[in-house]
file structure.cif (mmCIF, C-alpha atoms)
data_start
loop_
_atom_site.label_atom_id
_atom_site.label_comp_id
_atom_site.auth_asym_id
_atom_site.auth_seq_id
_atom_site.Cartn_x
_atom_site.Cartn_y
_atom_site.Cartn_z
CA MET Y 1 71.15 -128.43 63.08
CA ASN Y 2 68.49 -127.38 65.57
CA GLN Y 3 65.11 -127.44 63.85
CA ASP Y 4 64.18 -124.17 65.60
CA ILE Y 5 66.94 -122.39 63.71
CA THR Y 6 65.46 -121.23 60.42
CA ALA Y 7 67.36 -120.21 57.30
CA GLY Y 8 66.80 -116.58 58.25
CA ILE Y 9 68.33 -117.11 61.68
CA GLU Y 10 71.23 -119.02 60.12
CA GLU Y 11 72.01 -115.97 57.99
CA TYR Y 12 72.30 -113.80 61.10
CA LEU Y 13 74.43 -116.32 62.98
CA GLU Y 14 76.87 -116.61 60.08
CA ALA Y 15 77.07 -112.84 59.74
CA LEU Y 16 77.89 -112.45 63.43
CA PHE Y 17 80.51 -115.20 63.19
CA HIS Y 18 82.20 -113.43 60.26
CA LEU Y 19 82.13 -110.01 61.93
CA GLU Y 20 83.57 -111.44 65.13
CA GLU Y 21 86.35 -113.01 63.04
CA GLU Y 22 87.35 -109.48 62.09
CA ASN Y 23 87.61 -108.61 65.80
CA ARG Y 24 84.94 -105.98 65.38
CA ALA Y 25 82.48 -104.83 68.01
CA VAL Y 26 79.22 -105.80 66.31
CA GLN Y 27 76.59 -103.09 66.57
CA THR Y 28 73.16 -103.56 65.03
CA LYS Y 29 74.11 -100.89 62.48
CA SER Y 30 77.20 -102.82 61.28
CA LEU Y 31 75.17 -106.04 61.24
CA ALA Y 32 72.51 -104.34 59.10
CA GLU Y 33 75.18 -103.06 56.71
CA HIS Y 34 76.72 -106.53 56.45
CA LEU Y 35 73.37 -108.15 55.72
CA LYS Y 36 72.17 -105.25 53.55
CA LEU Y 37 68.99 -104.94 55.62
CA LYS Y 38 67.20 -102.11 57.35
CA PRO Y 39 68.41 -101.42 60.92
CA ALA Y 40 64.87 -101.71 62.30
CA SER Y 41 64.50 -105.23 60.86
CA VAL Y 42 67.87 -106.26 62.28
CA THR Y 43 67.02 -104.89 65.71
CA GLU Y 44 63.82 -106.92 65.76
CA MET Y 45 65.62 -110.12 64.74
CA VAL Y 46 68.36 -109.57 67.32
CA LYS Y 47 65.64 -109.51 69.99
CA LYS Y 48 64.39 -112.89 68.74
CA LEU Y 49 67.91 -114.31 68.75
CA ALA Y 50 68.43 -113.08 72.28
CA ALA Y 51 65.15 -114.71 73.35
CA GLN Y 52 66.47 -118.01 71.97
CA LYS Y 53 69.74 -117.44 73.86
CA LEU Y 54 71.71 -117.41 70.64
CA VAL Y 55 73.10 -113.92 71.24
CA THR Y 56 73.50 -111.37 73.96
CA HIS Y 57 72.71 -107.76 73.16
CA THR Y 58 73.65 -104.77 75.26
CA PRO Y 59 72.53 -101.43 73.77
CA TYR Y 60 75.48 -99.25 72.72
CA LYS Y 61 77.92 -102.09 73.46
CA GLY Y 62 77.13 -104.67 70.83
CA VAL Y 63 75.70 -108.03 69.81
CA TYR Y 64 77.67 -111.18 70.64
CA LEU Y 65 77.13 -114.86 69.97
CA THR Y 66 76.49 -116.96 73.05
CA GLU Y 67 78.15 -120.36 73.35
CA LYS Y 68 74.97 -121.90 71.94
CA GLY Y 69 74.87 -119.39 69.10
CA ARG Y 70 78.54 -119.78 68.27
CA THR Y 71 78.24 -123.58 68.15
CA ALA Y 72 75.37 -123.29 65.68
CA ALA Y 73 77.20 -120.65 63.65
CA ALA Y 74 80.41 -122.69 63.53
CA ALA Y 75 78.53 -125.70 62.16
CA LEU Y 76 77.11 -123.53 59.37
CA VAL Y 77 80.46 -121.95 58.60
CA ARG Y 78 82.10 -125.38 58.49
CA ARG Y 79 79.64 -126.58 55.85
CA HIS Y 80 79.95 -123.36 53.90
CA ARG Y 81 83.74 -123.43 53.78
CA LEU Y 82 83.87 -127.13 52.99
CA SER Y 83 81.47 -126.41 50.14
CA GLU Y 84 83.78 -123.67 48.88
CA ARG Y 85 86.73 -126.08 48.94
CA PHE Y 86 84.73 -128.68 47.00
CA LEU Y 87 83.63 -126.14 44.41
CA ALA Y 88 87.16 -124.80 43.99
CA ASP Y 89 89.21 -127.98 44.25
CA MET Y 90 86.90 -130.46 42.53
CA LEU Y 91 84.94 -128.30 40.10
CA GLY Y 92 87.31 -125.41 39.43
CA VAL Y 93 84.79 -122.69 40.26
CA PRO Y 94 86.56 -119.25 40.31
CA TRP Y 95 87.27 -117.94 43.82
CA ASP Y 96 85.05 -114.87 43.39
CA GLU Y 97 82.01 -117.11 42.69
CA LEU Y 98 82.54 -119.58 45.54
CA HIS Y 99 80.73 -117.73 48.32
CA ASP Y 100 77.40 -117.35 46.54
CA GLU Y 101 77.45 -120.91 45.22
CA ALA Y 102 78.40 -122.35 48.63
CA CYS Y 103 75.45 -120.54 50.21
CA LYS Y 104 73.19 -122.85 48.20
CA PHE Y 105 75.01 -125.98 49.40
CA GLU Y 106 75.45 -125.33 53.10
CA HIS Y 107 71.79 -125.51 54.07
CA VAL Y 108 71.15 -128.93 52.52
CA ILE Y 109 74.27 -130.90 53.51
CA SER Y 110 73.54 -133.65 56.02
CA ASP Y 111 75.94 -134.61 58.80
CA ARG Y 112 76.85 -137.77 56.91
CA VAL Y 113 77.57 -135.95 53.66
CA GLU Y 114 79.57 -133.31 55.53
CA GLU Y 115 81.76 -136.05 57.00
CA LYS Y 116 82.28 -137.70 53.61
CA LEU Y 117 82.94 -134.36 51.93
CA SER Y 118 85.63 -133.45 54.43
CA GLU Y 119 87.30 -136.87 54.02
CA ALA Y 120 87.22 -136.63 50.23
CA LEU Y 121 88.88 -133.21 50.37
CA GLY Y 122 91.60 -134.41 52.74
CA ASN Y 123 90.10 -132.70 55.80
CA PRO Y 124 91.13 -129.16 54.79
CA THR Y 125 91.68 -126.54 57.48
CA THR Y 126 90.99 -123.42 55.42
CA CYS Y 127 88.66 -122.31 52.65
CA PRO Y 128 90.07 -120.97 49.34
CA HIS Y 129 90.00 -117.45 50.82
CA GLY Y 130 92.23 -118.59 53.67
CA ASN Y 131 89.57 -118.51 56.38
CA PRO Y 132 89.72 -121.35 58.94
CA ILE Y 133 87.25 -124.22 58.71
CA PRO Y 134 85.80 -125.06 62.14
CA ASP Y 135 86.26 -128.69 63.15
CA VAL Y 136 83.36 -131.05 63.88
CA ASN Y 137 83.24 -129.77 67.46
CA GLY Y 138 83.01 -126.14 66.37
CA SER Y 139 86.57 -125.29 67.39
CA VAL Y 140 88.51 -122.94 65.15
CA ALA Y 141 92.28 -123.16 64.79
CA THR Y 142 93.65 -119.64 64.75
CA GLU Y 143 97.07 -118.10 64.21
CA PRO Y 144 98.28 -114.60 65.04
CA THR Y 145 97.18 -112.23 62.29
CA ALA Y 146 96.64 -108.51 61.92
CA ALA Y 147 94.29 -106.58 59.69
CA LEU Y 148 96.24 -104.74 57.02
CA ALA Y 149 94.40 -101.60 58.10
CA ASP Y 150 96.05 -101.83 61.55
CA MET Y 151 99.63 -102.27 60.32
CA VAL Y 152 102.32 -99.60 60.07
CA ALA Y 153 105.09 -98.73 57.64
CA LYS Y 154 107.81 -101.40 57.29
CA ASP Y 155 105.50 -104.17 58.61
CA LYS Y 156 105.41 -107.20 56.34
CA GLY Y 157 104.05 -110.71 56.14
CA LYS Y 158 101.97 -113.14 54.11
CA ILE Y 159 98.29 -112.67 53.41
CA ALA Y 160 96.55 -115.20 55.66
CA HIS Y 161 92.89 -114.74 54.83
CA ILE Y 162 90.30 -112.47 53.25
CA THR Y 163 87.12 -111.86 55.23
CA ASN Y 164 85.06 -110.04 52.62
CA GLU Y 165 83.85 -112.62 50.09
CA GLU Y 166 81.73 -110.35 47.92
CA PRO Y 167 82.42 -111.22 44.25
CA GLU Y 168 83.42 -107.69 43.23
CA PHE Y 169 85.81 -107.39 46.17
CA LEU Y 170 87.48 -110.72 45.41
CA GLN Y 171 87.74 -109.88 41.71
CA TYR Y 172 89.47 -106.63 42.65
CA LEU Y 173 92.01 -108.39 44.88
CA ALA Y 174 92.59 -111.14 42.31
CA ASN Y 175 93.34 -108.51 39.65
CA LEU Y 176 95.95 -107.04 41.99
CA GLY Y 177 97.33 -110.45 42.84
CA LEU Y 178 96.56 -109.96 46.53
CA MET Y 179 95.55 -113.47 47.58
CA PRO Y 180 96.40 -115.86 50.44
CA ASP Y 181 100.11 -116.72 50.81
CA VAL Y 182 101.26 -113.63 48.89
CA MET Y 183 103.96 -111.66 50.73
CA VAL Y 184 103.22 -107.96 51.25
CA GLU Y 185 105.12 -105.09 52.84
CA ILE Y 186 103.65 -101.82 54.08
CA GLU Y 187 105.55 -98.95 52.47
CA GLU Y 188 103.48 -96.04 53.73
CA VAL Y 189 100.35 -95.35 55.76
CA ALA Y 190 98.84 -92.01 54.78
CA PRO Y 191 97.57 -89.87 57.68
CA PHE Y 192 93.97 -88.85 58.33
CA GLY Y 193 92.50 -92.11 57.08
CA GLY Y 194 94.31 -91.98 53.76
CA PRO Y 195 95.36 -95.01 51.71
CA ILE Y 196 97.86 -97.66 52.68
CA ILE Y 197 100.66 -98.19 50.16
CA VAL Y 198 101.71 -101.84 49.94
CA LYS Y 199 104.33 -103.68 47.92
CA ALA Y 200 103.53 -107.14 46.58
CA ARG Y 201 104.86 -109.22 43.70
CA GLY Y 202 107.21 -106.39 42.68
CA ALA Y 203 104.42 -103.81 42.35
CA LYS Y 204 102.92 -101.11 44.57
CA TYR Y 205 99.24 -100.61 45.35
CA ALA Y 206 97.30 -97.93 47.19
CA LEU Y 207 94.56 -99.59 49.22
CA GLY Y 208 91.72 -97.78 50.96
CA ARG Y 209 91.12 -98.48 54.63
CA GLN Y 210 87.80 -100.18 53.87
CA VAL Y 211 89.65 -102.64 51.65
CA ALA Y 212 92.57 -103.11 54.06
CA GLN Y 213 90.32 -103.97 57.01
CA HIS Y 214 89.28 -107.21 55.26
CA ILE Y 215 92.81 -108.39 54.45
CA PHE Y 216 94.51 -110.22 57.32
CA ILE Y 217 98.26 -110.70 57.41
CA LYS Y 218 100.43 -113.23 59.23
CA PRO Y 219 103.31 -110.97 60.28
CA SER Y 220 106.81 -111.94 59.26
CA ALA Y 221 109.33 -112.60 62.03
CA SER Y 222 111.85 -110.27 60.45
#

call {"tool": "encode", "arguments": {"input": "structure.cif", "output": "structure tokens"}}
result
Amino acid sequence: MNQDITAGIEEYLEALFHLEEENRAVQTKSLAEHLKLKPASVTEMVKKLAAQKLVTHTPYKGVYLTEKGRTAAAALVRRHRLSERFLADMLGVPWDELHDEACKFEHVISDRVEEKLSEALGNPTTCPHGNPIPDVNGSVATEPTAALADMVAKDKGKIAHITNEEPEFLQYLANLGLMPDVMVEIEEVAPFGGPIIVKARGAKYALGRQVAQHIFIKPSAS
């Protein structure tokens, strides 16, 4: 990792990487909400990131990782998601605790340990939440998915990945049984921003749009 990239900068790069994974236009406001920081502080940091050519920022259009920034972010995300796999597969840490614990690991893993960790885990391609693990070159293998919030009645498919890794959010989904590889079908989409009614495991659930936007589905062919 570049020595000029501090832990504070790493936090911003990871946040941008995650928000871009959700195919969202990243405004400083949404970045501030994601990081739980004041917009003024985020705006100031974005200027510093732009000066280091880690991001581009066009007012009213958004903040985007540059190639340099995305490479750095992908390296961080790789270590984070490998750490989550280790904690889950080797130590049995519950999936709602993985994110916070992995945050402590990712900043201290050397390149050598990262390589050994990946080998020991069988070179996994996804984290326990289904999110892709970037390879050593920073490339991310993707498959066609759609946010549950963007689907319509009668659409169905398997849950591919969950992008919100906050403990409370993951606990909520686990209690409903809505986890990667579970088949879901959209029964109804209420108008005017109302809930989305989904069927899964023989039960029905009403999910708010803010929940549904973090659940990504691999659509079924039929």

call {"tool": "closest_residue", "arguments": {"input": "structure.cif", "among": "Y:Lys204, Y:Arg79, Y:Lys156, Y:His107", "to": "Gly8 (chain Y)", "atoms": "all atoms listed in the file"}}
result
Y:His107

call {"tool": "resolve_selection", "arguments": {"input": "structure.cif", "expression": "the PyMOL selection byres ((chain Y and resi 196) around 6)", "output": "PyMOL selection string"}}
result
chain Y and resi 188-189+195+197+206-207

call {"tool": "closest_residue", "arguments": {"input": "structure.cif", "among": "Y:Leu16, Y:Glu168, Y:Gly194, Y:Ile109", "to": "Glu33 (chain Y)", "atoms": "only C-alpha atoms"}}
result
Y:Leu16

call {"tool": "residues_around", "arguments": {"input": "structure.cif", "residues": "Ser41 (chain Y)", "least_positions_apart": "2", "cutoff": "12 Å", "atoms": "all atoms listed in the file", "output": "VMD selection string"}}
result
chain Y and resid 8 12 28 to 29 31 to 33 35 to 39 43 to 48

call {"tool": "residues_around", "arguments": {"input": "structure.cif", "residues": "Ala75 (chain Y)", "least_positions_apart": "5", "cutoff": "9 Å", "atoms": "all atoms listed in the file", "output": "PyMOL selection string"}}
result
chain Y and resi 1+70+80+134-138

call {"tool": "write_last_selection", "arguments": {"input": "structure.cif", "atoms": "C-alpha atoms", "output": "tab-separated table (two decimals), in the coordinates of the input"}}
result
chain	number	residue	atom	x	y	z
Y	1	MET	CA	71.15	-128.43	63.08
Y	70	ARG	CA	78.54	-119.78	68.27
Y	80	HIS	CA	79.95	-123.36	53.90
Y	134	PRO	CA	85.80	-125.06	62.14
Y	135	ASP	CA	86.26	-128.69	63.15
Y	136	VAL	CA	83.36	-131.05	63.88
Y	137	ASN	CA	83.24	-129.77	67.46
Y	138	GLY	CA	83.01	-126.14	66.37

call {"tool": "atom_distance", "arguments": {"input": "structure.cif", "atom1": "CA of Leu170 (chain Y)", "atom2": "CA of Gly130 (chain Y)"}}
result
12.4 Å

call {"tool": "closest_residue", "arguments": {"input": "structure.cif", "among": "Y:Val108, Y:Ala120, Y:Val26, Y:Val182", "to": "Thr56 (chain Y)", "atoms": "all atoms listed in the file"}}
result
Y:Val26

call {"tool": "residues_around", "arguments": {"input": "structure.cif", "residues": "Pro144 (chain Y)", "least_positions_apart": "3", "cutoff": "10 Å", "atoms": "only C-alpha atoms", "output": "PDB file with C-alpha atoms, in the frame of the given file"}}
result
ATOM      1  CA  ALA Y 160      96.550-115.200  55.660  1.00  0.00           C
ATOM      2  CA  PHE Y 216      94.510-110.220  57.320  1.00  0.00           C
ATOM      3  CA  ILE Y 217      98.260-110.700  57.410  1.00  0.00           C
ATOM      4  CA  LYS Y 218     100.430-113.230  59.230  1.00  0.00           C
ATOM      5  CA  PRO Y 219     103.310-110.970  60.280  1.00  0.00           C
TER       6      PRO Y 219
END

call {"tool": "closest_residue", "arguments": {"input": "structure.cif", "among": "Y:Ala25, Y:Ile5, Y:Leu176, Y:Val77", "to": "Lys61 (chain Y)", "atoms": "all atoms listed in the file"}}
result
Y:Ala25

call {"tool": "residues_around", "arguments": {"input": "structure.cif", "residues": "Val184 (chain Y)", "least_positions_apart": "2", "cutoff": "9 Å", "atoms": "only C-alpha atoms", "output": "PyMOL selection string"}}
result
chain Y and resi 155-159+178+182+186+198-201+217

call {"tool": "closest_residue", "arguments": {"input": "structure.cif", "among": "Y:Ala15, Y:Gly208, Y:Asp96, Y:Ala102", "to": "Ala174 (chain Y)", "atoms": "only C-alpha atoms"}}
result
Y:Asp96

call {"tool": "decode", "arguments": {"input": "structure.cif", "residues": "region 162-208 of chain Y", "atoms": "N, CA and C atoms", "output": "PDB file, in the first residue's frame"}}
result
ATOM      1  N   ILE Y 162     -25.055  -8.912  -0.384  1.00  0.00           N
ATOM      2  CA  ILE Y 162     -25.614  -7.878   0.489  1.00  0.00           C
ATOM      3  C   ILE Y 162     -24.563  -6.787   0.633  1.00  0.00           C
ATOM      4  N   THR Y 163     -24.918  -5.548   0.290  1.00  0.00           N
ATOM      5  CA  THR Y 163     -23.898  -4.497   0.306  1.00  0.00           C
ATOM      6  C   THR Y 163     -23.844  -3.708   1.613  1.00  0.00           C
ATOM      7  N   ASN Y 164     -24.883  -3.768   2.400  1.00  0.00           N
ATOM      8  CA  ASN Y 164     -24.860  -3.098   3.705  1.00  0.00           C
ATOM      9  C   ASN Y 164     -24.418  -4.120   4.743  1.00  0.00           C
ATOM     10  N   GLU Y 165     -23.263  -3.883   5.376  1.00  0.00           N
ATOM     11  CA  GLU Y 165     -22.730  -4.854   6.328  1.00  0.00           C
ATOM     12  C   GLU Y 165     -22.808  -4.355   7.768  1.00  0.00           C
ATOM     13  N   GLU Y 166     -23.708  -3.403   8.021  1.00  0.00           N
ATOM     14  CA  GLU Y 166     -23.917  -2.959   9.396  1.00  0.00           C
ATOM     15  C   GLU Y 166     -24.499  -4.128  10.201  1.00  0.00           C
ATOM     16  N   PRO Y 167     -24.009  -4.354  11.417  1.00  0.00           N
ATOM     17  CA  PRO Y 167     -24.462  -5.498  12.215  1.00  0.00           C
ATOM     18  C   PRO Y 167     -25.977  -5.600  12.355  1.00  0.00           C
ATOM     19  N   GLU Y 168     -26.648  -4.481  12.663  1.00  0.00           N
ATOM     20  CA  GLU Y 168     -28.094  -4.523  12.864  1.00  0.00           C
ATOM     21  C   GLU Y 168     -28.822  -4.928  11.589  1.00  0.00           C
ATOM     22  N   PHE Y 169     -28.314  -4.440  10.445  1.00  0.00           N
ATOM     23  CA  PHE Y 169     -28.930  -4.756   9.163  1.00  0.00           C
ATOM     24  C   PHE Y 169     -28.783  -6.253   8.868  1.00  0.00           C
ATOM     25  N   LEU Y 170     -27.591  -6.789   9.086  1.00  0.00           N
ATOM     26  CA  LEU Y 170     -27.347  -8.195   8.819  1.00  0.00           C
ATOM     27  C   LEU Y 170     -28.128  -9.094   9.780  1.00  0.00           C
ATOM     28  N   GLN Y 171     -28.257  -8.671  11.028  1.00  0.00           N
ATOM     29  CA  GLN Y 171     -29.051  -9.435  11.983  1.00  0.00           C
ATOM     30  C   GLN Y 171     -30.503  -9.507  11.524  1.00  0.00           C
ATOM     31  N   TYR Y 172     -30.996  -8.377  11.029  1.00  0.00           N
ATOM     32  CA  TYR Y 172     -32.378  -8.306  10.546  1.00  0.00           C
ATOM     33  C   TYR Y 172     -32.591  -9.281   9.394  1.00  0.00           C
ATOM     34  N   LEU Y 173     -31.685  -9.266   8.408  1.00  0.00           N
ATOM     35  CA  LEU Y 173     -31.819 -10.155   7.260  1.00  0.00           C
ATOM     36  C   LEU Y 173     -31.672 -11.617   7.680  1.00  0.00           C
ATOM     37  N   ALA Y 174     -30.736 -11.891   8.597  1.00  0.00           N
ATOM     38  CA  ALA Y 174     -30.542 -13.265   9.057  1.00  0.00           C
ATOM     39  C   ALA Y 174     -31.794 -13.786   9.749  1.00  0.00           C
ATOM     40  N   ASN Y 175     -32.459 -12.937  10.518  1.00  0.00           N
ATOM     41  CA  ASN Y 175     -33.687 -13.340  11.197  1.00  0.00           C
ATOM     42  C   ASN Y 175     -34.790 -13.683  10.205  1.00  0.00           C
ATOM     43  N   LEU Y 176     -34.760 -13.014   9.040  1.00  0.00           N
ATOM     44  CA  LEU Y 176     -35.747 -13.288   7.995  1.00  0.00           C
ATOM     45  C   LEU Y 176     -35.314 -14.452   7.102  1.00  0.00           C
ATOM     46  N   GLY Y 177     -34.059 -14.841   7.227  1.00  0.00           N
ATOM     47  CA  GLY Y 177     -33.546 -15.897   6.365  1.00  0.00           C
ATOM     48  C   GLY Y 177     -33.173 -15.408   4.981  1.00  0.00           C
ATOM     49  N   LEU Y 178     -32.985 -14.104   4.837  1.00  0.00           N
ATOM     50  CA  LEU Y 178     -32.640 -13.522   3.539  1.00  0.00           C
ATOM     51  C   LEU Y 178     -31.124 -13.367   3.453  1.00  0.00           C
ATOM     52  N   MET Y 179     -30.479 -14.403   2.943  1.00  0.00           N
ATOM     53  CA  MET Y 179     -29.023 -14.469   2.872  1.00  0.00           C
ATOM     54  C   MET Y 179     -28.607 -14.949   1.484  1.00  0.00           C
ATOM     55  N   PRO Y 180     -27.333 -14.817   1.129  1.00  0.00           N
ATOM     56  CA  PRO Y 180     -26.885 -15.261  -0.193  1.00  0.00           C
ATOM     57  C   PRO Y 180     -27.311 -16.689  -0.514  1.00  0.00           C
ATOM     58  N   ASP Y 181     -27.704 -16.885  -1.778  1.00  0.00           N
ATOM     59  CA  ASP Y 181     -28.131 -18.164  -2.356  1.00  0.00           C
ATOM     60  C   ASP Y 181     -29.575 -18.531  -2.046  1.00  0.00           C
ATOM     61  N   VAL Y 182     -30.277 -17.692  -1.279  1.00  0.00           N
ATOM     62  CA  VAL Y 182     -31.693 -17.942  -1.022  1.00  0.00           C
ATOM     63  C   VAL Y 182     -32.507 -17.427  -2.208  1.00  0.00           C
ATOM     64  N   MET Y 183     -33.462 -18.248  -2.685  1.00  0.00           N
ATOM     65  CA  MET Y 183     -34.317 -17.859  -3.797  1.00  0.00           C
ATOM     66  C   MET Y 183     -35.443 -16.946  -3.297  1.00  0.00           C
ATOM     67  N   VAL Y 184     -35.671 -15.860  -4.005  1.00  0.00           N
ATOM     68  CA  VAL Y 184     -36.755 -14.941  -3.654  1.00  0.00           C
ATOM     69  C   VAL Y 184     -37.584 -14.634  -4.894  1.00  0.00           C
ATOM     70  N   GLU Y 185     -38.836 -14.300  -4.679  1.00  0.00           N
ATOM     71  CA  GLU Y 185     -39.726 -13.884  -5.765  1.00  0.00           C
ATOM     72  C   GLU Y 185     -40.465 -12.623  -5.338  1.00  0.00           C
ATOM     73  N   ILE Y 186     -40.542 -11.656  -6.238  1.00  0.00           N
ATOM     74  CA  ILE Y 186     -41.259 -10.418  -5.939  1.00  0.00           C
ATOM     75  C   ILE Y 186     -42.741 -10.653  -6.165  1.00  0.00           C
ATOM     76  N   GLU Y 187     -43.525 -10.513  -5.123  1.00  0.00           N
ATOM     77  CA  GLU Y 187     -44.979 -10.709  -5.254  1.00  0.00           C
ATOM     78  C   GLU Y 187     -45.687  -9.397  -5.573  1.00  0.00           C
ATOM     79  N   GLU Y 188     -45.224  -8.321  -4.963  1.00  0.00           N
ATOM     80  CA  GLU Y 188     -45.896  -7.031  -5.175  1.00  0.00           C
ATOM     81  C   GLU Y 188     -44.928  -5.894  -4.868  1.00  0.00           C
ATOM     82  N   VAL Y 189     -45.024  -4.832  -5.658  1.00  0.00           N
ATOM     83  CA  VAL Y 189     -44.257  -3.613  -5.402  1.00  0.00           C
ATOM     84  C   VAL Y 189     -45.269  -2.502  -5.166  1.00  0.00           C
ATOM     85  N   ALA Y 190     -45.369  -2.042  -3.929  1.00  0.00           N
ATOM     86  CA  ALA Y 190     -46.354  -1.013  -3.603  1.00  0.00           C
ATOM     87  C   ALA Y 190     -45.988   0.302  -4.277  1.00  0.00           C
ATOM     88  N   PRO Y 191     -46.974   1.061  -4.747  1.00  0.00           N
ATOM     89  CA  PRO Y 191     -46.692   2.343  -5.402  1.00  0.00           C
ATOM     90  C   PRO Y 191     -46.250   3.417  -4.415  1.00  0.00           C
ATOM     91  N   PHE Y 192     -45.764   4.518  -4.971  1.00  0.00           N
ATOM     92  CA  PHE Y 192     -45.391   5.703  -4.180  1.00  0.00           C
ATOM     93  C   PHE Y 192     -44.313   5.397  -3.127  1.00  0.00           C
ATOM     94  N   GLY Y 193     -43.362   4.541  -3.512  1.00  0.00           N
ATOM     95  CA  GLY Y 193     -42.266   4.257  -2.597  1.00  0.00           C
ATOM     96  C   GLY Y 193     -42.609   3.335  -1.455  1.00  0.00           C
ATOM     97  N   GLY Y 194     -43.735   2.618  -1.594  1.00  0.00           N
ATOM     98  CA  GLY Y 194     -44.153   1.694  -0.541  1.00  0.00           C
ATOM     99  C   GLY Y 194     -43.287   0.451  -0.501  1.00  0.00           C
ATOM    100  N   PRO Y 195     -43.619  -0.493   0.382  1.00  0.00           N
ATOM    101  CA  PRO Y 195     -42.776  -1.685   0.549  1.00  0.00           C
ATOM    102  C   PRO Y 195     -42.833  -2.644  -0.628  1.00  0.00           C
ATOM    103  N   ILE Y 196     -41.845  -3.513  -0.674  1.00  0.00           N
ATOM    104  CA  ILE Y 196     -41.776  -4.565  -1.670  1.00  0.00           C
ATOM    105  C   ILE Y 196     -42.084  -5.881  -0.958  1.00  0.00           C
ATOM    106  N   ILE Y 197     -43.086  -6.603  -1.457  1.00  0.00           N
ATOM    107  CA  ILE Y 197     -43.477  -7.863  -0.841  1.00  0.00           C
ATOM    108  C   ILE Y 197     -42.729  -8.990  -1.556  1.00  0.00           C
ATOM    109  N   VAL Y 198     -41.939  -9.739  -0.794  1.00  0.00           N
ATOM    110  CA  VAL Y 198     -41.169 -10.834  -1.386  1.00  0.00           C
ATOM    111  C   VAL Y 198     -41.537 -12.153  -0.723  1.00  0.00           C
ATOM    112  N   LYS Y 199     -41.400 -13.226  -1.503  1.00  0.00           N
ATOM    113  CA  LYS Y 199     -41.596 -14.576  -0.985  1.00  0.00           C
ATOM    114  C   LYS Y 199     -40.243 -15.270  -0.938  1.00  0.00           C
ATOM    115  N   ALA Y 200     -39.954 -15.912   0.186  1.00  0.00           N
ATOM    116  CA  ALA Y 200     -38.696 -16.637   0.342  1.00  0.00           C
ATOM    117  C   ALA Y 200     -38.854 -17.705   1.411  1.00  0.00           C
ATOM    118  N   ARG Y 201     -38.371 -18.885   1.128  1.00  0.00           N
ATOM    119  CA  ARG Y 201     -38.438 -19.995   2.089  1.00  0.00           C
ATOM    120  C   ARG Y 201     -39.866 -20.257   2.577  1.00  0.00           C
ATOM    121  N   GLY Y 202     -40.853 -20.084   1.691  1.00  0.00           N
ATOM    122  CA  GLY Y 202     -42.241 -20.365   2.044  1.00  0.00           C
ATOM    123  C   GLY Y 202     -42.922 -19.293   2.868  1.00  0.00           C
ATOM    124  N   ALA Y 203     -42.271 -18.153   3.059  1.00  0.00           N
ATOM    125  CA  ALA Y 203     -42.866 -17.060   3.834  1.00  0.00           C
ATOM    126  C   ALA Y 203     -42.869 -15.771   3.009  1.00  0.00           C
ATOM    127  N   LYS Y 204     -43.632 -14.787   3.462  1.00  0.00           N
ATOM    128  CA  LYS Y 204     -43.693 -13.492   2.787  1.00  0.00           C
ATOM    129  C   LYS Y 204     -43.175 -12.402   3.712  1.00  0.00           C
ATOM    130  N   TYR Y 205     -42.463 -11.445   3.124  1.00  0.00           N
ATOM    131  CA  TYR Y 205     -41.902 -10.342   3.900  1.00  0.00           C
ATOM    132  C   TYR Y 205     -42.136  -9.027   3.177  1.00  0.00           C
ATOM    133  N   ALA Y 206     -42.430  -7.989   3.945  1.00  0.00           N
ATOM    134  CA  ALA Y 206     -42.562  -6.641   3.393  1.00  0.00           C
ATOM    135  C   ALA Y 206     -41.268  -5.897   3.694  1.00  0.00           C
ATOM    136  N   LEU Y 207     -40.543  -5.553   2.645  1.00  0.00           N
ATOM    137  CA  LEU Y 207     -39.255  -4.887   2.813  1.00  0.00           C
ATOM    138  C   LEU Y 207     -39.332  -3.443   2.357  1.00  0.00           C
ATOM    139  N   GLY Y 208     -38.809  -2.535   3.161  1.00  0.00           N
ATOM    140  CA  GLY Y 208     -38.740  -1.136   2.770  1.00  0.00           C
ATOM    141  C   GLY Y 208     -37.734  -0.927   1.656  1.00  0.00           C
TER     142      GLY Y 208
END
